[in-house]
file data-v9.csv (CSV, C-alpha atoms)
chain,number,residue,atom,x,y,z
F,1,MET,CA,5.9,-38.2,28.3
F,2,ARG,CA,5.5,-37.1,24.7
F,3,LEU,CA,8.3,-37.9,22.3
F,4,ARG,CA,9.2,-35.0,20.0
F,5,THR,CA,9.1,-35.9,16.3
F,6,HIS,CA,11.7,-34.4,14.1
F,7,LEU,CA,10.2,-33.4,10.7
F,8,ASP,CA,12.8,-34.1,8.0
F,9,THR,CA,12.2,-32.0,4.9
F,10,ARG,CA,14.9,-32.3,2.4
F,11,PHE,CA,15.7,-29.2,0.2
F,12,LEU,CA,17.2,-29.6,-3.2
F,13,SER,CA,18.5,-26.4,-4.7
F,14,ALA,CA,19.1,-25.6,-8.3
F,15,ARG,CA,22.8,-26.4,-7.8
F,16,ASP,CA,21.8,-29.7,-6.1
F,17,ALA,CA,19.7,-30.7,-9.1
F,18,VAL,CA,22.6,-29.9,-11.5
F,19,GLU,CA,24.9,-32.0,-9.3
F,20,LEU,CA,22.5,-35.0,-9.4
F,21,VAL,CA,22.5,-34.9,-13.2
F,22,ARG,CA,26.2,-34.6,-13.4
F,23,ARG,CA,26.8,-37.5,-11.1
F,24,ASP,CA,24.3,-39.9,-12.8
F,25,GLY,CA,24.8,-38.6,-16.3
F,26,LEU,CA,22.2,-36.9,-18.6
F,27,ALA,CA,21.1,-40.1,-20.4
F,28,PRO,CA,20.6,-42.2,-17.2
F,29,THR,CA,18.7,-39.3,-15.6
F,30,LEU,CA,16.4,-39.0,-18.6
F,31,SER,CA,16.0,-42.7,-18.6
F,32,GLY,CA,15.2,-42.8,-14.9
F,33,ILE,CA,12.6,-40.1,-15.1
F,34,ALA,CA,11.0,-41.7,-18.1
F,35,ARG,CA,10.8,-45.0,-16.2
F,36,CYS,CA,9.1,-43.3,-13.3
F,37,ILE,CA,6.7,-41.5,-15.6
F,38,GLU,CA,5.7,-44.7,-17.4
F,39,GLU,CA,5.3,-46.6,-14.1
F,40,ASP,CA,3.0,-43.9,-12.7
F,41,PHE,CA,0.9,-43.5,-15.9
F,42,ARG,CA,0.4,-47.3,-15.8
F,43,ARG,CA,-1.3,-46.9,-12.5
F,44,TRP,CA,-3.4,-44.0,-13.6
F,45,PRO,CA,-6.6,-45.0,-11.6
F,46,ASP,CA,-4.6,-44.7,-8.3
F,47,PHE,CA,-4.2,-41.0,-8.6
F,48,ASP,CA,-6.5,-38.1,-7.5
F,49,LYS,CA,-6.3,-35.9,-10.6
F,50,SER,CA,-7.3,-32.4,-11.6
F,51,ALA,CA,-6.4,-29.9,-14.2
F,52,ARG,CA,-3.9,-27.3,-13.0
F,53,MET,CA,-5.1,-24.0,-11.5
F,54,ALA,CA,-3.9,-21.0,-13.5
F,55,SER,CA,-3.7,-17.3,-12.9
F,56,HIS,CA,-3.4,-15.5,-16.3
F,57,SER,CA,-2.1,-12.0,-16.9
F,58,ARG,CA,-1.2,-9.9,-19.9
F,59,ASP,CA,2.4,-11.0,-19.6
F,60,GLY,CA,2.1,-14.7,-18.8
F,61,VAL,CA,0.6,-17.3,-16.5
F,62,ILE,CA,1.4,-18.7,-13.0
F,63,GLU,CA,0.1,-22.2,-12.3
F,64,LEU,CA,-0.3,-24.7,-9.5
F,65,MET,CA,-0.3,-28.4,-10.5
F,66,PRO,CA,-1.4,-30.9,-7.8
F,67,VAL,CA,-1.8,-34.7,-7.9
F,68,ALA,CA,-1.8,-37.5,-5.3
F,69,ASP,CA,-2.0,-41.2,-4.8
F,70,GLY,CA,-2.7,-43.0,-1.5
F,71,GLN,CA,0.8,-42.4,-0.2
F,72,ARG,CA,2.2,-39.2,-1.6
F,73,TYR,CA,1.0,-35.8,-2.7
F,74,SER,CA,2.8,-33.4,-4.9
F,75,PHE,CA,2.4,-30.0,-6.4
F,76,LYS,CA,4.4,-27.8,-8.8
F,77,TYR,CA,4.5,-24.0,-8.9
F,78,VAL,CA,5.3,-23.0,-12.5
F,79,ASN,CA,5.1,-19.9,-14.6
F,80,GLY,CA,5.2,-19.2,-18.3
F,81,HIS,CA,6.3,-15.6,-19.3
F,82,PRO,CA,7.6,-15.5,-22.9
F,83,ARG,CA,9.0,-11.9,-22.4
F,84,ASN,CA,11.1,-12.8,-19.4
F,85,THR,CA,14.3,-13.2,-21.4
F,86,ARG,CA,14.3,-9.4,-21.8
F,87,PHE,CA,14.9,-9.1,-18.1
F,88,GLY,CA,17.5,-11.9,-17.9
F,89,LEU,CA,14.9,-14.4,-16.4
F,90,PRO,CA,13.9,-17.8,-17.7
F,91,THR,CA,10.6,-18.1,-19.6
F,92,VAL,CA,9.7,-21.0,-17.3
F,93,MET,CA,10.6,-21.2,-13.5
F,94,ALA,CA,9.3,-23.8,-11.2
F,95,PHE,CA,9.6,-25.5,-7.8
F,96,GLY,CA,7.8,-28.4,-6.3
F,97,VAL,CA,6.8,-30.3,-3.1
F,98,LEU,CA,6.5,-34.0,-2.3
F,99,ALA,CA,4.5,-34.8,0.9
F,100,ASP,CA,3.3,-37.7,2.9
F,101,VAL,CA,-0.4,-38.3,2.5
F,102,ALA,CA,-0.9,-39.9,5.9
F,103,THR,CA,0.4,-36.9,7.8
F,104,GLY,CA,0.5,-34.1,5.3
F,105,ALA,CA,4.2,-33.6,6.2
F,106,PRO,CA,6.4,-32.2,3.3
F,107,THR,CA,9.3,-34.5,2.7
F,108,LEU,CA,10.9,-32.8,-0.3
F,109,LEU,CA,11.1,-29.2,-1.5
F,110,SER,CA,12.9,-29.0,-4.8
F,111,GLU,CA,13.8,-26.8,-7.7
F,112,LEU,CA,11.8,-27.9,-10.8
F,113,THR,CA,13.0,-25.5,-13.5
F,114,LEU,CA,15.7,-27.8,-14.8
F,115,THR,CA,13.7,-30.8,-13.9
F,116,THR,CA,10.7,-29.6,-15.8
F,117,ALA,CA,12.8,-29.6,-19.0
F,118,LEU,CA,14.0,-33.1,-18.2
F,119,ARG,CA,10.6,-34.5,-17.4
F,120,THR,CA,9.0,-32.9,-20.5
F,121,ALA,CA,11.6,-34.5,-22.7
F,122,ALA,CA,11.2,-37.8,-20.9
F,123,THR,CA,7.4,-37.7,-21.4
F,124,SER,CA,7.8,-37.0,-25.1
F,125,VAL,CA,10.0,-40.1,-25.4
F,126,VAL,CA,7.5,-42.3,-23.4
F,127,ALA,CA,4.8,-41.3,-25.8
F,128,ALA,CA,7.0,-41.6,-29.0
F,129,ARG,CA,7.9,-45.1,-28.1
F,130,ARG,CA,4.3,-46.1,-28.8
F,131,LEU,CA,3.4,-43.5,-31.4
F,132,ALA,CA,6.4,-43.0,-33.6
F,133,ARG,CA,7.6,-45.5,-36.2
F,134,PRO,CA,10.2,-47.8,-34.6
F,135,ASP,CA,12.7,-47.0,-37.3
F,136,SER,CA,12.5,-43.2,-36.7
F,137,ARG,CA,15.9,-41.6,-37.0
F,138,VAL,CA,15.3,-37.9,-38.0
F,139,MET,CA,13.5,-35.3,-35.9
F,140,ALA,CA,12.6,-31.8,-36.8
F,141,LEU,CA,12.8,-29.4,-33.8
F,142,ILE,CA,10.9,-26.2,-34.4
F,143,GLY,CA,11.5,-23.8,-31.5
F,144,ASN,CA,15.1,-23.8,-30.3
F,145,GLY,CA,14.7,-22.2,-26.8
F,146,ALA,CA,15.5,-23.4,-23.3
F,147,GLN,CA,14.0,-26.9,-23.5
F,148,SER,CA,15.2,-27.8,-27.0
F,149,GLU,CA,18.5,-29.5,-26.0
F,150,PHE,CA,16.7,-31.8,-23.6
F,151,GLN,CA,14.2,-32.9,-26.3
F,152,ALA,CA,17.0,-33.4,-28.9
F,153,LEU,CA,19.2,-35.5,-26.5
F,154,ALA,CA,16.3,-37.4,-24.9
F,155,PHE,CA,15.2,-38.6,-28.4
F,156,HIS,CA,18.9,-39.3,-29.3
F,157,HIS,CA,19.8,-41.3,-26.2
F,158,LEU,CA,16.4,-43.1,-25.6
F,159,LEU,CA,14.9,-43.5,-29.0
F,160,GLY,CA,17.8,-43.6,-31.4
F,161,ILE,CA,17.3,-40.3,-33.3
F,162,ASP,CA,20.6,-39.5,-35.1
F,163,THR,CA,19.7,-36.3,-37.0
F,164,VAL,CA,17.9,-33.1,-35.9
F,165,ARG,CA,16.6,-30.5,-38.3
F,166,LEU,CA,16.4,-27.1,-36.6
F,167,TYR,CA,14.3,-24.0,-37.1
F,168,ASP,CA,13.5,-21.0,-35.0
F,169,VAL,CA,12.5,-17.4,-35.9
F,170,ASP,CA,15.2,-16.4,-33.5
F,171,ARG,CA,18.4,-17.3,-35.3
F,172,GLN,CA,20.4,-16.8,-32.1
F,173,ALA,CA,18.4,-19.5,-30.4
F,174,THR,CA,19.2,-21.9,-33.1
F,175,ALA,CA,22.9,-20.9,-32.9
F,176,LYS,CA,22.8,-21.6,-29.2
F,177,LEU,CA,21.3,-25.0,-29.8
F,178,VAL,CA,23.8,-25.9,-32.4
F,179,ARG,CA,26.6,-24.8,-30.1
F,180,ASN,CA,25.2,-26.9,-27.2
F,181,LEU,CA,24.8,-30.0,-29.4
F,182,THR,CA,28.4,-29.8,-30.7
F,183,GLY,CA,30.4,-32.8,-29.5
F,184,THR,CA,27.4,-35.1,-29.4
F,185,ALA,CA,26.8,-37.8,-32.0
F,186,LEU,CA,23.8,-36.0,-33.4
F,187,ARG,CA,23.9,-34.7,-37.0
F,188,VAL,CA,22.6,-31.1,-36.9
F,189,VAL,CA,20.9,-29.5,-39.9
F,190,VAL,CA,19.9,-25.8,-39.7
F,191,CYS,CA,16.8,-25.0,-41.8
F,192,GLN,CA,15.4,-21.7,-43.2
F,193,ASN,CA,11.8,-22.3,-42.3
F,194,ALA,CA,9.4,-24.7,-40.7
F,195,ALA,CA,8.4,-26.5,-43.9
F,196,GLU,CA,12.1,-27.2,-44.7
F,197,ALA,CA,12.7,-28.6,-41.2
F,198,VAL,CA,9.7,-30.9,-41.4
F,199,ARG,CA,10.7,-32.3,-44.8
F,200,GLY,CA,12.2,-35.7,-44.4
F,201,ALA,CA,11.6,-35.9,-40.6
F,202,ASP,CA,10.2,-39.0,-39.0
F,203,ILE,CA,9.2,-37.0,-35.8
F,204,VAL,CA,8.3,-33.3,-35.7
F,205,THR,CA,8.6,-31.6,-32.3
F,206,THR,CA,7.1,-28.1,-31.9
F,207,LEU,CA,8.4,-26.3,-28.9
F,208,THR,CA,7.7,-22.6,-29.3
F,209,ALA,CA,7.2,-20.1,-26.4
F,210,ASP,CA,5.0,-17.2,-27.7
F,211,LYS,CA,1.6,-17.1,-26.0
F,212,THR,CA,-0.4,-16.8,-29.2
F,213,ASN,CA,-2.7,-18.9,-31.4
F,214,ALA,CA,0.1,-19.7,-33.9
F,215,THR,CA,0.1,-22.1,-36.8
F,216,ILE,CA,3.6,-23.6,-36.9
F,217,LEU,CA,2.4,-26.7,-38.8
F,218,HIS,CA,-0.2,-27.2,-41.5
F,219,ALA,CA,-1.4,-30.5,-42.8
F,220,ASP,CA,0.0,-30.0,-46.3
F,221,MET,CA,3.5,-29.9,-44.7
F,222,LEU,CA,3.1,-33.5,-43.3
F,223,ALA,CA,4.1,-36.8,-44.8
F,224,PRO,CA,2.6,-40.2,-44.2
F,225,GLY,CA,4.0,-42.0,-41.1
F,226,GLN,CA,5.2,-38.8,-39.2
F,227,HIS,CA,4.7,-38.4,-35.5
F,228,ILE,CA,4.0,-34.9,-34.2
F,229,ASN,CA,5.2,-34.2,-30.7
F,230,ALA,CA,3.4,-30.9,-30.0
F,231,VAL,CA,4.9,-29.5,-26.8
F,232,GLY,CA,4.5,-25.7,-26.9
F,233,GLY,CA,0.7,-25.2,-26.8
F,234,ASP,CA,0.1,-25.3,-23.1
F,235,CYS,CA,-2.5,-22.7,-22.1
F,236,PRO,CA,-5.7,-21.2,-23.3
F,237,GLY,CA,-5.1,-19.0,-26.4
F,238,LYS,CA,-1.8,-20.7,-27.2
F,239,THR,CA,-1.6,-23.2,-30.0
F,240,GLU,CA,1.0,-24.4,-32.6
F,241,LEU,CA,-0.9,-26.7,-34.9
F,242,ALA,CA,-3.5,-25.9,-37.5
F,243,ALA,CA,-6.7,-27.7,-36.9
F,244,ASP,CA,-6.2,-29.7,-40.1
F,245,VAL,CA,-3.1,-31.3,-38.5
F,246,LEU,CA,-5.3,-32.7,-35.7
F,247,ARG,CA,-7.8,-34.0,-38.3
F,248,ALA,CA,-5.0,-35.6,-40.3
F,249,GLY,CA,-4.2,-38.4,-37.8
F,250,ARG,CA,-5.0,-39.9,-34.4
F,251,VAL,CA,-4.5,-37.5,-31.4
F,252,PHE,CA,-3.2,-38.6,-28.0
F,253,VAL,CA,-3.2,-36.5,-24.8
F,254,GLU,CA,-2.1,-36.7,-21.2
F,255,TYR,CA,-5.3,-35.7,-19.3
F,256,GLU,CA,-8.2,-34.9,-21.6
F,257,PRO,CA,-10.0,-32.4,-19.4
F,258,GLN,CA,-6.9,-30.2,-19.2
F,259,THR,CA,-5.8,-30.6,-22.8
F,260,ARG,CA,-9.2,-29.6,-24.1
F,261,THR,CA,-8.8,-26.1,-22.7
F,262,GLU,CA,-5.0,-25.7,-22.9
F,263,GLY,CA,-3.6,-27.8,-25.8
F,264,ASP,CA,-4.0,-27.5,-29.6
F,265,LEU,CA,-7.1,-29.5,-28.9
F,266,GLN,CA,-8.8,-26.3,-27.7
F,267,GLN,CA,-9.5,-25.6,-31.4
F,268,MET,CA,-11.6,-28.7,-31.9
F,269,PRO,CA,-15.3,-29.4,-31.0
F,270,PRO,CA,-16.0,-31.2,-27.7
F,271,ASP,CA,-16.7,-34.5,-29.4
F,272,PHE,CA,-13.4,-34.6,-31.3
F,273,ALA,CA,-12.0,-38.0,-30.4
F,274,VAL,CA,-8.7,-38.4,-28.5
F,275,THR,CA,-6.9,-41.1,-26.6
F,276,GLU,CA,-5.2,-40.6,-23.2
F,277,LEU,CA,-1.6,-41.8,-23.0
F,278,TRP,CA,-2.2,-44.1,-20.0
F,279,GLN,CA,-4.6,-46.2,-22.0
F,280,VAL,CA,-1.9,-46.8,-24.6
F,281,LEU,CA,0.7,-47.7,-21.9
F,282,THR,CA,-1.6,-50.2,-20.2
F,283,GLY,CA,-2.7,-51.8,-23.5
F,284,ALA,CA,-6.3,-50.5,-23.1
F,285,ALA,CA,-6.0,-48.6,-26.4
F,286,ALA,CA,-3.8,-48.9,-29.5
F,287,GLY,CA,-0.9,-46.7,-30.2
F,288,ARG,CA,0.5,-46.5,-33.7
F,289,GLN,CA,-1.4,-49.0,-35.9
F,290,ASN,CA,0.5,-48.9,-39.2
F,291,PRO,CA,3.6,-47.3,-40.7
F,292,ASP,CA,1.7,-44.7,-42.8
F,293,GLU,CA,-0.4,-43.4,-40.0
F,294,ILE,CA,0.1,-39.8,-38.7
F,295,THR,CA,0.0,-39.6,-34.9
F,296,VAL,CA,-0.1,-36.4,-32.8
F,297,PHE,CA,0.8,-36.2,-29.1
F,298,ASP,CA,-0.8,-32.9,-27.9
F,299,SER,CA,1.3,-32.5,-24.8
F,300,VAL,CA,0.5,-29.7,-22.4
F,301,GLY,CA,2.4,-31.1,-19.3
F,302,PHE,CA,0.5,-32.8,-16.5
F,303,ALA,CA,1.0,-32.9,-12.7
F,304,LEU,CA,1.6,-36.7,-12.7
F,305,GLU,CA,4.8,-36.1,-14.7
F,306,ASP,CA,6.1,-33.8,-11.9
F,307,PHE,CA,5.1,-36.3,-9.3
F,308,SER,CA,7.2,-38.9,-11.1
F,309,ALA,CA,10.2,-36.5,-11.5
F,310,LEU,CA,10.0,-35.5,-7.8
F,311,ARG,CA,10.1,-39.1,-6.6
F,312,HIS,CA,13.1,-39.7,-9.0
F,313,LEU,CA,14.8,-36.7,-7.5
F,314,GLN,CA,14.1,-37.9,-3.9
F,315,GLU,CA,15.6,-41.3,-4.6
F,316,ALA,CA,18.6,-39.9,-6.4
F,317,ALA,CA,19.2,-37.4,-3.6
F,318,GLN,CA,19.1,-40.1,-0.9
F,319,ARG,CA,21.4,-42.3,-2.9
F,320,HIS,CA,24.0,-39.6,-3.4
F,321,GLY,CA,23.5,-37.8,0.0
F,322,ILE,CA,22.7,-34.5,-1.7
F,323,GLY,CA,20.4,-31.9,-0.3
F,324,GLN,CA,20.0,-30.1,2.9
F,325,PRO,CA,17.6,-30.5,5.9
F,326,LEU,CA,15.2,-27.6,5.8
F,327,ASP,CA,13.6,-26.2,9.0
F,328,LEU,CA,10.3,-25.6,7.2
F,329,ILE,CA,7.7,-26.7,9.7
F,330,PRO,CA,7.8,-25.8,13.5
F,331,THR,CA,8.0,-29.0,15.7
F,332,PRO,CA,7.2,-28.0,19.3
F,333,ASP,CA,7.5,-30.5,22.1
F,334,ASP,CA,3.7,-30.3,22.4
F,335,PRO,CA,2.2,-30.2,19.0
F,336,LYS,CA,-0.9,-28.5,20.4
F,337,ASP,CA,1.3,-25.6,21.8
F,338,LEU,CA,2.4,-23.8,18.6
F,339,PHE,CA,2.4,-20.5,20.6
F,340,GLY,CA,5.1,-22.0,22.9
F,341,THR,CA,7.6,-21.7,20.0
F,342,LEU,CA,7.6,-18.0,20.5
F,343,ALA,CA,9.0,-18.3,24.0
F,344,PRO,CA,12.7,-17.3,24.4
F,345,ASP,CA,13.7,-20.8,25.3
F,346,GLY,CA,11.1,-22.6,23.1
F,347,PRO,CA,12.0,-24.8,20.2
F,348,GLY,CA,12.9,-22.6,17.2
F,349,ALA,CA,12.8,-19.6,19.5
F,350,CYS,CA,12.4,-16.4,17.5
F,351,CYS,CA,13.4,-13.9,20.2
F,352,VAL,CA,9.9,-12.5,20.1
F,353,THR,CA,9.1,-10.0,22.9
F,354,LEU,CA,5.9,-11.3,24.5
F,355,ALA,CA,5.5,-8.6,27.1
F,356,PRO,CA,3.0,-5.9,26.3
F,357,GLN,CA,4.5,-2.6,25.0
F,358,PRO,CA,3.6,0.7,26.7
F,359,GLU,CA,0.8,2.6,24.9
F,360,THR,CA,1.9,5.6,22.9
F,361,GLN,CA,1.1,8.8,24.6
F,362,HIS,CA,-1.0,11.2,22.5
F,363,ALA,CA,-1.1,14.9,23.0
F,364,ALA,CA,-4.3,16.2,24.4
call {"tool": "encode", "arguments": {"input": "data-v9.csv", "output": "structure tokens"}}
result
Amino acid sequence: MRLRTHLDTRFLSARDAVELVRRDGLAPTLSGIARCIEEDFRRWPDFDKSARMASHSRDGVIELMPVADGQRYSFKYVNGHPRNTRFGLPTVMAFGVLADVATGAPTLLSELTLTTALRTAATSVVAARRLARPDSRVMALIGNGAQSEFQALAFHHLLGIDTVRLYDVDRQATAKLVRNLTGTALRVVVCQNAAEAVRGADIVTTLTADKTNATILHADMLAPGQHINAVGGDCPGKTELAADVLRAGRVFVEYEPQTRTEGDLQQMPPDFAVTELWQVLTGAAAGRQNPDEITVFDSVGFALEDFSALRHLQEAAQRHGIGQPLDLIPTPDDPKDLFGTLAPDGPGACCVTLAPQPETQHAA
């Protein structure tokens, strides 16, 4: 007699993700995701990796981001549509799946819009721990949209930043960020342009949304010892840094084949030297080498970071008992008899009429 297997897929809604952050706290959540990201980057060779698959349109991009190790597979669906705010929609929306490699069974289906902002900020900190000066206390934040609070607070809680210098061409975005940072221990300085924001900053984070080849930073705006955390350039035809910024210091990336087509690196010749982050985290390559060096993290977002975030979510959801079982995959008594699920008394019966319908009569 065949034993029926119950397939347990846990579903985490947007409300569930918010509840997990509220229960654990923002700083511990960021710390936990950063820990998972660093652990997974340290075992980089274990993963089957590829650049994300993108479908570009005039208005934005929709992407799939897959990655797997020997035990788990994950993918993220994510879009980037800068004009979405006109319609009351987020610029970035995402969800993801974690699955068992041995069977292919999905074990987790989760929101990733909020979580993408968390994991992007956590990744920025993981890189900055090796690339920024240890005494960094001031960060410029250019681009004050939906992900800006997460960057500011991740660097505050996990790296000791105490002052943020803000600039955005949209003053309402900056006002929103100032409002959301009120009550934190961060000192907030609103600046009139990007050059003013960069002046005196130890770390410069660029986080703009427009899908254009922009030049937010030029080399003559930089000072010795600064770390550039370039987050906004993340698809072909979208950049934030002038090419002379990349030439001014050492450049670090997540996954070189992807960054060469999507990051600020797309401006540079194929032989322009970069270092992948996993090499720094494992000690195979040096991070910052002296206090006066300029370092650039050309961050486009890589699927491994979502894998790490999903496994953090799965563990937190199990710990708190949050999430709902999702009837996503049919589980018939006989796995070879999928058709049997259509029977009125079959598992997951759908009340489908199986009897043939009379043919329609046509006039002669």
call {"tool": "atom_distance", "arguments": {"input": "data-v9.csv", "atom1": "CA of Leu12 in chain F", "atom2": "CA of Leu304 in chain F"}}
result
19.6 Å
call {"tool": "atom_distance", "arguments": {"input": "data-v9.csv", "atom1": "CA of Leu114 in chain F", "atom2": "CA of Ala102 in chain F"}}
result
29.2 Å
call {"tool": "closest_residue", "arguments": {"input": "data-v9.csv", "among": "F:Asp8, F:Glu149, F:Asp210, F:Asp16", "to": "Thr182 in chain F", "atoms": "only C-alpha atoms"}}
result
F:Glu149
call {"tool": "closest_residue", "arguments": {"input": "data-v9.csv", "among": "F:Val231, F:Val178, F:Ala194, F:Leu109", "to": "Thr208 in chain F", "atoms": "all atoms listed in the file"}}
result
F:Val231
call {"tool": "closest_residue", "arguments": {"input": "data-v9.csv", "among": "F:Arg119, F:Arg10, F:Arg247, F:Arg23", "to": "Leu326 in chain F", "atoms": "all atoms listed in the file"}}
result
F:Arg10
call {"tool": "atom_distance", "arguments": {"input": "data-v9.csv", "atom1": "CA of Ser308 in chain F", "atom2": "CA of Gly263 in chain F"}}
result
21.4 Å
call {"tool": "closest_atom_pairs", "arguments": {"input": "data-v9.csv", "of": "range 274-344 of chain F", "to": "range 38-47 of chain F", "cutoff": "9 Å", "atoms": "only C-alpha atoms", "output": "tab-separated table"}}
result
residue	atom	partner	partner_atom	distance
F:Leu277	CA	F:Phe41	CA	7.7
F:Trp278	CA	F:Phe41	CA	5.2
F:Gln279	CA	F:Arg42	CA	8.0
F:Leu281	CA	F:Arg42	CA	6.1
F:Thr282	CA	F:Arg42	CA	5.6
F:Leu304	CA	F:Asp40	CA	7.3
F:Glu305	CA	F:Asp40	CA	8.3
F:Phe307	CA	F:Asp40	CA	8.6
F:Ser308	CA	F:Asp40	CA	6.7
call {"tool": "closest_residue", "arguments": {"input": "data-v9.csv", "among": "F:Arg133, F:Arg86, F:Arg165, F:Arg311", "to": "Arg35 in chain F", "atoms": "all atoms listed in the file"}}
result
F:Arg311
call {"tool": "residues_near_point", "arguments": {"input": "data-v9.csv", "point": "(-4.3, -36.8, -41.1)", "cutoff": "12 Å", "atoms": "only C-alpha atoms", "output": "compact mmCIF listing (two decimals) with C-alpha atoms, keeping the file's coordinate frame"}}
result
# COMPACT_ATOMS: atom_id res chain seq x y z
CA HIS F 218 -0.20 -27.20 -41.50
CA ALA F 219 -1.40 -30.50 -42.80
CA ASP F 220 0.00 -30.00 -46.30
CA MET F 221 3.50 -29.90 -44.70
CA LEU F 222 3.10 -33.50 -43.30
CA ALA F 223 4.10 -36.80 -44.80
CA PRO F 224 2.60 -40.20 -44.20
CA GLY F 225 4.00 -42.00 -41.10
CA GLN F 226 5.20 -38.80 -39.20
CA HIS F 227 4.70 -38.40 -35.50
CA ILE F 228 4.00 -34.90 -34.20
CA ALA F 242 -3.50 -25.90 -37.50
CA ALA F 243 -6.70 -27.70 -36.90
CA ASP F 244 -6.20 -29.70 -40.10
CA VAL F 245 -3.10 -31.30 -38.50
CA LEU F 246 -5.30 -32.70 -35.70
CA ARG F 247 -7.80 -34.00 -38.30
CA ALA F 248 -5.00 -35.60 -40.30
CA GLY F 249 -4.20 -38.40 -37.80
CA ARG F 250 -5.00 -39.90 -34.40
CA VAL F 251 -4.50 -37.50 -31.40
CA ASP F 292 1.70 -44.70 -42.80
CA GLU F 293 -0.40 -43.40 -40.00
CA ILE F 294 0.10 -39.80 -38.70
CA THR F 295 0.00 -39.60 -34.90
CA VAL F 296 -0.10 -36.40 -32.80
call {"tool": "residues_around", "arguments": {"input": "data-v9.csv", "residues": "Ala132 in chain F", "least_positions_apart": "4", "cutoff": "7 Å", "atoms": "only C-alpha atoms", "output": "NGL selection string"}}
result
:F and (128 or 136 or 203 or 227 or 288)
call {"tool": "residues_near_point", "arguments": {"input": "data-v9.csv", "point": "(11.8, -28.4, -18.6)", "cutoff": "10 Å", "atoms": "only C-alpha atoms", "output": "NGL selection string"}}
result
:F and (92-94 or 112-122 or 146-148 or 150-151 or 301)
call {"tool": "residues_around", "arguments": {"input": "data-v9.csv", "residues": "Val138 in chain F", "least_positions_apart": "5", "cutoff": "7 Å", "atoms": "all atoms listed in the file", "output": "ChimeraX atom specification"}}
result
/F:161-164,201-203
call {"tool": "closest_residue", "arguments": {"input": "data-v9.csv", "among": "F:Glu111, F:Asp59, F:Asp100, F:Asp345", "to": "Thr212 in chain F", "atoms": "only C-alpha atoms"}}
result
F:Asp59
call {"tool": "closest_residue", "arguments": {"input": "data-v9.csv", "among": "F:Leu166, F:Leu153, F:Val125, F:Ile322", "to": "Leu141 in chain F", "atoms": "all atoms listed in the file"}}
result
F:Leu166
call {"tool": "residues_around", "arguments": {"input": "data-v9.csv", "residues": "Ala34 in chain F", "least_positions_apart": "3", "cutoff": "7 Å", "atoms": "all atoms listed in the file", "output": "list in words"}}
result
Leu30, Ser31, Ile37, Glu38, Ala122, Thr123 and Val126 of chain F
